[in-house]
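Source file: entry-v7.pdb; contents: PDB, C-alpha atoms, pLDDT in the B column.
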```
MODEL        1
ATOM      1  CA  ARG A   1     -24.828   1.656  -3.920  1.00 81.00           C
ATOM      2  CA  TRP A   2     -22.234  -1.042  -4.491  1.00 79.00           C
ATOM      3  CA  ALA A   3     -23.618  -2.377  -7.802  1.00 80.00           C
ATOM      4  CA  LYS A   4     -20.283  -1.953  -9.588  1.00 83.00           C
ATOM      5  CA  LYS A   5     -18.580  -4.050  -6.891  1.00 83.00           C
ATOM      6  CA  ALA A   6     -20.741  -7.171  -7.354  1.00 84.00           C
ATOM      7  CA  GLY A   7     -18.288  -9.074  -9.558  1.00 84.00           C
ATOM      8  CA  ALA A   8     -15.549  -9.342  -6.940  1.00 88.00           C
ATOM      9  CA  HIS A   9     -17.779  -9.489  -3.858  1.00 92.00           C
ATOM     10  CA  SER A  10     -20.600 -11.908  -4.730  1.00 94.00           C
ATOM     11  CA  PRO A  11     -19.835 -15.416  -3.490  1.00 97.00           C
ATOM     12  CA  ILE A  12     -19.928 -18.358  -5.876  1.00 96.00           C
ATOM     13  CA  ILE A  13     -21.458 -21.440  -4.264  1.00 96.00           C
ATOM     14  CA  GLN A  14     -20.996 -24.913  -5.762  1.00 95.00           C
ATOM     15  CA  LYS A  15     -21.936 -28.430  -4.723  1.00 93.00           C
ATOM     16  CA  THR A  16     -19.043 -30.772  -3.939  1.00 93.00           C
ATOM     17  CA  GLY A  17     -18.918 -34.451  -3.100  1.00 90.00           C
ATOM     18  CA  SER A  18     -19.097 -33.744   0.629  1.00 91.00           C
ATOM     19  CA  GLY A  19     -21.001 -30.460   0.782  1.00 93.00           C
ATOM     20  CA  VAL A  20     -20.445 -27.060  -0.781  1.00 95.00           C
ATOM     21  CA  ARG A  21     -17.580 -24.769  -1.697  1.00 97.00           C
ATOM     22  CA  VAL A  22     -17.899 -20.989  -1.476  1.00 98.00           C
ATOM     23  CA  VAL A  23     -15.447 -18.801  -3.384  1.00 98.00           C
ATOM     24  CA  THR A  24     -15.254 -15.022  -3.473  1.00 97.00           C
ATOM     25  CA  GLY A  25     -12.851 -13.726  -6.120  1.00 93.00           C
ATOM     26  CA  HIS A  26     -11.883 -10.692  -4.079  1.00 92.00           C
ATOM     27  CA  PRO A  27      -8.299  -9.593  -3.376  1.00 91.00           C
ATOM     28  CA  MET A  28      -7.112 -10.090   0.196  1.00 96.00           C
ATOM     29  CA  LYS A  29      -5.171  -6.923   1.052  1.00 95.00           C
ATOM     30  CA  PRO A  30      -4.151  -6.970   4.744  1.00 94.00           C
ATOM     31  CA  GLY A  31      -4.969  -3.753   6.577  1.00 93.00           C
ATOM     32  CA  LYS A  32      -6.848  -2.368   3.578  1.00 96.00           C
ATOM     33  CA  HIS A  33      -9.568  -4.426   1.911  1.00 95.00           C
ATOM     34  CA  TRP A  34     -10.482  -8.113   2.294  1.00 96.00           C
ATOM     35  CA  ILE A  35     -13.223 -10.675   2.780  1.00 97.00           C
ATOM     36  CA  VAL A  36     -13.803 -11.081   6.506  1.00 97.00           C
ATOM     37  CA  LYS A  37     -15.834 -14.289   6.391  1.00 98.00           C
ATOM     38  CA  HIS A  38     -18.172 -16.644   4.583  1.00 98.00           C
ATOM     39  CA  VAL A  39     -21.432 -17.666   6.250  1.00 98.00           C
ATOM     40  CA  LEU A  40     -23.711 -20.491   5.170  1.00 97.00           C
ATOM     41  CA  LEU A  41     -27.452 -20.368   5.955  1.00 96.00           C
ATOM     42  CA  ASP A  42     -30.179 -22.928   5.309  1.00 94.00           C
ATOM     43  CA  SER A  43     -33.512 -22.351   3.578  1.00 92.00           C
ATOM     44  CA  ASP A  44     -34.973 -20.905   6.814  1.00 93.00           C
ATOM     45  CA  PHE A  45     -31.996 -18.523   7.125  1.00 94.00           C
ATOM     46  CA  LYS A  46     -30.667 -20.527  10.072  1.00 94.00           C
ATOM     47  CA  PHE A  47     -26.925 -20.606  10.649  1.00 96.00           C
ATOM     48  CA  VAL A  48     -25.171 -23.680   9.224  1.00 95.00           C
ATOM     49  CA  ALA A  49     -21.466 -22.775   9.293  1.00 96.00           C
ATOM     50  CA  GLU A  50     -18.923 -20.010   8.827  1.00 98.00           C
ATOM     51  CA  LYS A  51     -15.279 -19.514   8.028  1.00 98.00           C
ATOM     52  CA  LEU A  52     -13.325 -16.469   9.152  1.00 98.00           C
ATOM     53  CA  PHE A  53     -10.429 -15.146   7.093  1.00 98.00           C
ATOM     54  CA  ASP A  54      -7.208 -13.535   8.210  1.00 97.00           C
ATOM     55  CA  PRO A  55      -5.831 -11.612   5.211  1.00 95.00           C
ATOM     56  CA  THR A  56      -2.288 -12.060   6.517  1.00 96.00           C
ATOM     57  CA  LYS A  57      -2.739 -15.854   6.299  1.00 96.00           C
ATOM     58  CA  HIS A  58      -5.347 -16.371   3.567  1.00 95.00           C
ATOM     59  CA  ASN A  59      -4.580 -15.081   0.079  1.00 95.00           C
ATOM     60  CA  LYS A  60      -7.957 -16.286  -1.279  1.00 96.00           C
ATOM     61  CA  ALA A  61     -11.461 -16.400   0.169  1.00 97.00           C
ATOM     62  CA  ILE A  62     -12.360 -20.077  -0.272  1.00 98.00           C
ATOM     63  CA  SER A  63     -14.471 -22.142   2.124  1.00 98.00           C
ATOM     64  CA  ASP A  64     -15.250 -25.842   1.988  1.00 97.00           C
ATOM     65  CA  PHE A  65     -18.250 -26.799   4.106  1.00 96.00           C
ATOM     66  CA  LYS A  66     -19.131 -30.435   4.794  1.00 95.00           C
ATOM     67  CA  ILE A  67     -22.898 -30.802   4.686  1.00 90.00           C
ATOM     68  CA  SER A  68     -25.029 -33.915   4.476  1.00 82.00           C
ATOM     69  CA  GLY A  69     -28.729 -34.344   3.981  1.00 77.00           C
ATOM     70  CA  ASN A  70     -29.522 -30.806   2.853  1.00 74.00           C
ATOM     71  CA  LYS A  71     -32.565 -30.885   0.582  1.00 76.00           C
ATOM     72  CA  GLY A  72     -33.352 -27.212   0.294  1.00 86.00           C
ATOM     73  CA  VAL A  73     -31.868 -23.890  -0.606  1.00 94.00           C
ATOM     74  CA  LEU A  74     -28.534 -22.779   0.812  1.00 96.00           C
ATOM     75  CA  TYR A  75     -27.464 -19.160   1.072  1.00 97.00           C
ATOM     76  CA  ALA A  76     -23.805 -18.176   1.022  1.00 98.00           C
ATOM     77  CA  LEU A  77     -22.829 -14.798   2.444  1.00 98.00           C
ATOM     78  CA  SER A  78     -19.547 -13.065   1.761  1.00 98.00           C
ATOM     79  CA  VAL A  79     -18.676 -10.250   4.166  1.00 97.00           C
ATOM     80  CA  CYS A  80     -16.275  -7.520   3.034  1.00 96.00           C
ATOM     81  CA  ASN A  81     -14.612  -5.180   5.517  1.00 96.00           C
ATOM     82  CA  LEU A  82     -15.535  -2.174   3.329  1.00 94.00           C
ATOM     83  CA  HIS A  83     -18.447  -3.101   1.084  1.00 94.00           C
ATOM     84  CA  ASP A  84     -21.000  -4.870   3.289  1.00 93.00           C
ATOM     85  CA  THR A  85     -22.457  -8.362   2.893  1.00 95.00           C
ATOM     86  CA  TRP A  86     -23.194 -10.169  -0.360  1.00 95.00           C
ATOM     87  CA  VAL A  87     -25.403 -13.218  -0.876  1.00 96.00           C
ATOM     88  CA  SER A  88     -25.751 -16.008  -3.432  1.00 96.00           C
ATOM     89  CA  VAL A  89     -28.226 -18.895  -3.552  1.00 96.00           C
ATOM     90  CA  LEU A  90     -27.773 -22.580  -4.286  1.00 94.00           C
ATOM     91  CA  GLU A  91     -30.962 -24.478  -4.998  1.00 88.00           C
ATOM     92  CA  SER A  92     -30.740 -28.227  -4.687  1.00 72.00           C
TER      93      SER A  92
ENDMDL
END
```
Once you've parsed the file, please lay out its structure as structure tokens.
Amino acid sequence: RWAKKAGAHSPIIQKTGSGVRVVTGHPMKPGKHWIVKHVLLDSDFKFVAEKLFDPTKHNKAISDFKISGNKGVLYALSVCNLHDTWVSVLES
């Protein structure tokens, strides 16, 4: 039902030197519409980390997670206050 919203809501997950970066290119409009948090899950869907966003303090939804030794898939979730949860996959 939210297919037309995928572009701004789907998280982009990238490897970095110390882990991964998750970016959601969604506007952060306090009191209206924003990304609530990013969640990182491992290949077994176990919790790895999360970052909560306050739209009055964060003008972009960007999370840097320090991760070492991960050899499998990572899932990044982006949670919107209006349009549910979105997931992307990083295969290492």
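Nearest residue to Leu40 in chain A, choosing from A:Pro55, A:Gly7, A:Pro27, A:Gly19 and counting all atoms listed in the file: A:Gly19.
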Residue members of the PyMOL selection byres ((chain A and resi 18) around 7) in the file shown, as a list in words: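 Checking the PyMOL selection byres ((chain A and resi 18) around 7) against this file, the residues are Thr16, Gly17, Gly19, Val20, Lys66 and Ile67 of chain A.
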Mind listing whatever residues come within 8 Å of the point (-25.6, -14.7, -1.8)? Use only C-alpha atoms, file coordinates, and give them as a PDB file with C-alpha atoms, in the frame of the given file.
```pdb
ATOM      1  CA  SER A  10     -20.600 -11.908  -4.730  1.00 94.00           C
ATOM      2  CA  PRO A  11     -19.835 -15.416  -3.490  1.00 97.00           C
ATOM      3  CA  ILE A  12     -19.928 -18.358  -5.876  1.00 96.00           C
ATOM      4  CA  TYR A  75     -27.464 -19.160   1.072  1.00 97.00           C
ATOM      5  CA  ALA A  76     -23.805 -18.176   1.022  1.00 98.00           C
ATOM      6  CA  LEU A  77     -22.829 -14.798   2.444  1.00 98.00           C
ATOM      7  CA  SER A  78     -19.547 -13.065   1.761  1.00 98.00           C
ATOM      8  CA  TRP A  86     -23.194 -10.169  -0.360  1.00 95.00           C
ATOM      9  CA  VAL A  87     -25.403 -13.218  -0.876  1.00 96.00           C
ATOM     10  CA  SER A  88     -25.751 -16.008  -3.432  1.00 96.00           C
ATOM     11  CA  VAL A  89     -28.226 -18.895  -3.552  1.00 96.00           C
TER      12      VAL A  89
END
```
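Using all atoms listed in the file, the protein and nucleic acid residues lying no more than 10 Å from Arg1 in chain A, apart from those fewer than 3 places from it along its own chain, are Lys4, Lys5 and His83 of chain A.
If all atoms listed in the file are the atoms counted, then among A:Val73, A:Thr24, A:Leu82, A:Lys15 the closest residue to Lys46 in chain A is A:Val73.
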Please write as a PyMOL selection string the full residue list that the PyMOL selection byres ((chain A and resi 35-37) around 12) yields on this file. chain A and resi 8-11+22-34+38-40+49-56+58-63+76-86
Quick check on the file I pasted: which residues fall under the PyMOL selection byres ((chain A and resi 92) around 8)? Write them as a list in words.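 Those residues are Lys71, Gly72, Val73, Leu90 and Glu91 of chain A.
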Restrict the selected residues to C-alpha atoms and save them as a PDB file, in the coordinates of the input.
```
ATOM      1  CA  LYS A  71     -32.565 -30.885   0.582  1.00 76.00           C
ATOM      2  CA  GLY A  72     -33.352 -27.212   0.294  1.00 86.00           C
ATOM      3  CA  VAL A  73     -31.868 -23.890  -0.606  1.00 94.00           C
ATOM      4  CA  LEU A  90     -27.773 -22.580  -4.286  1.00 94.00           C
ATOM      5  CA  GLU A  91     -30.962 -24.478  -4.998  1.00 88.00           C
TER       6      GLU A  91
END
```
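Distance-wise, CA of Asp64 in chain A and CA of Asp44 in chain A end up 20.9 Å apart.
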Check the smallest atom-to-atom distance from each of A:Ile13, A:Arg21, A:Leu74, A:Trp2 to Phe45 in chain A using all atoms listed in the file, then report the winner.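 Closest candidate: A:Leu74.
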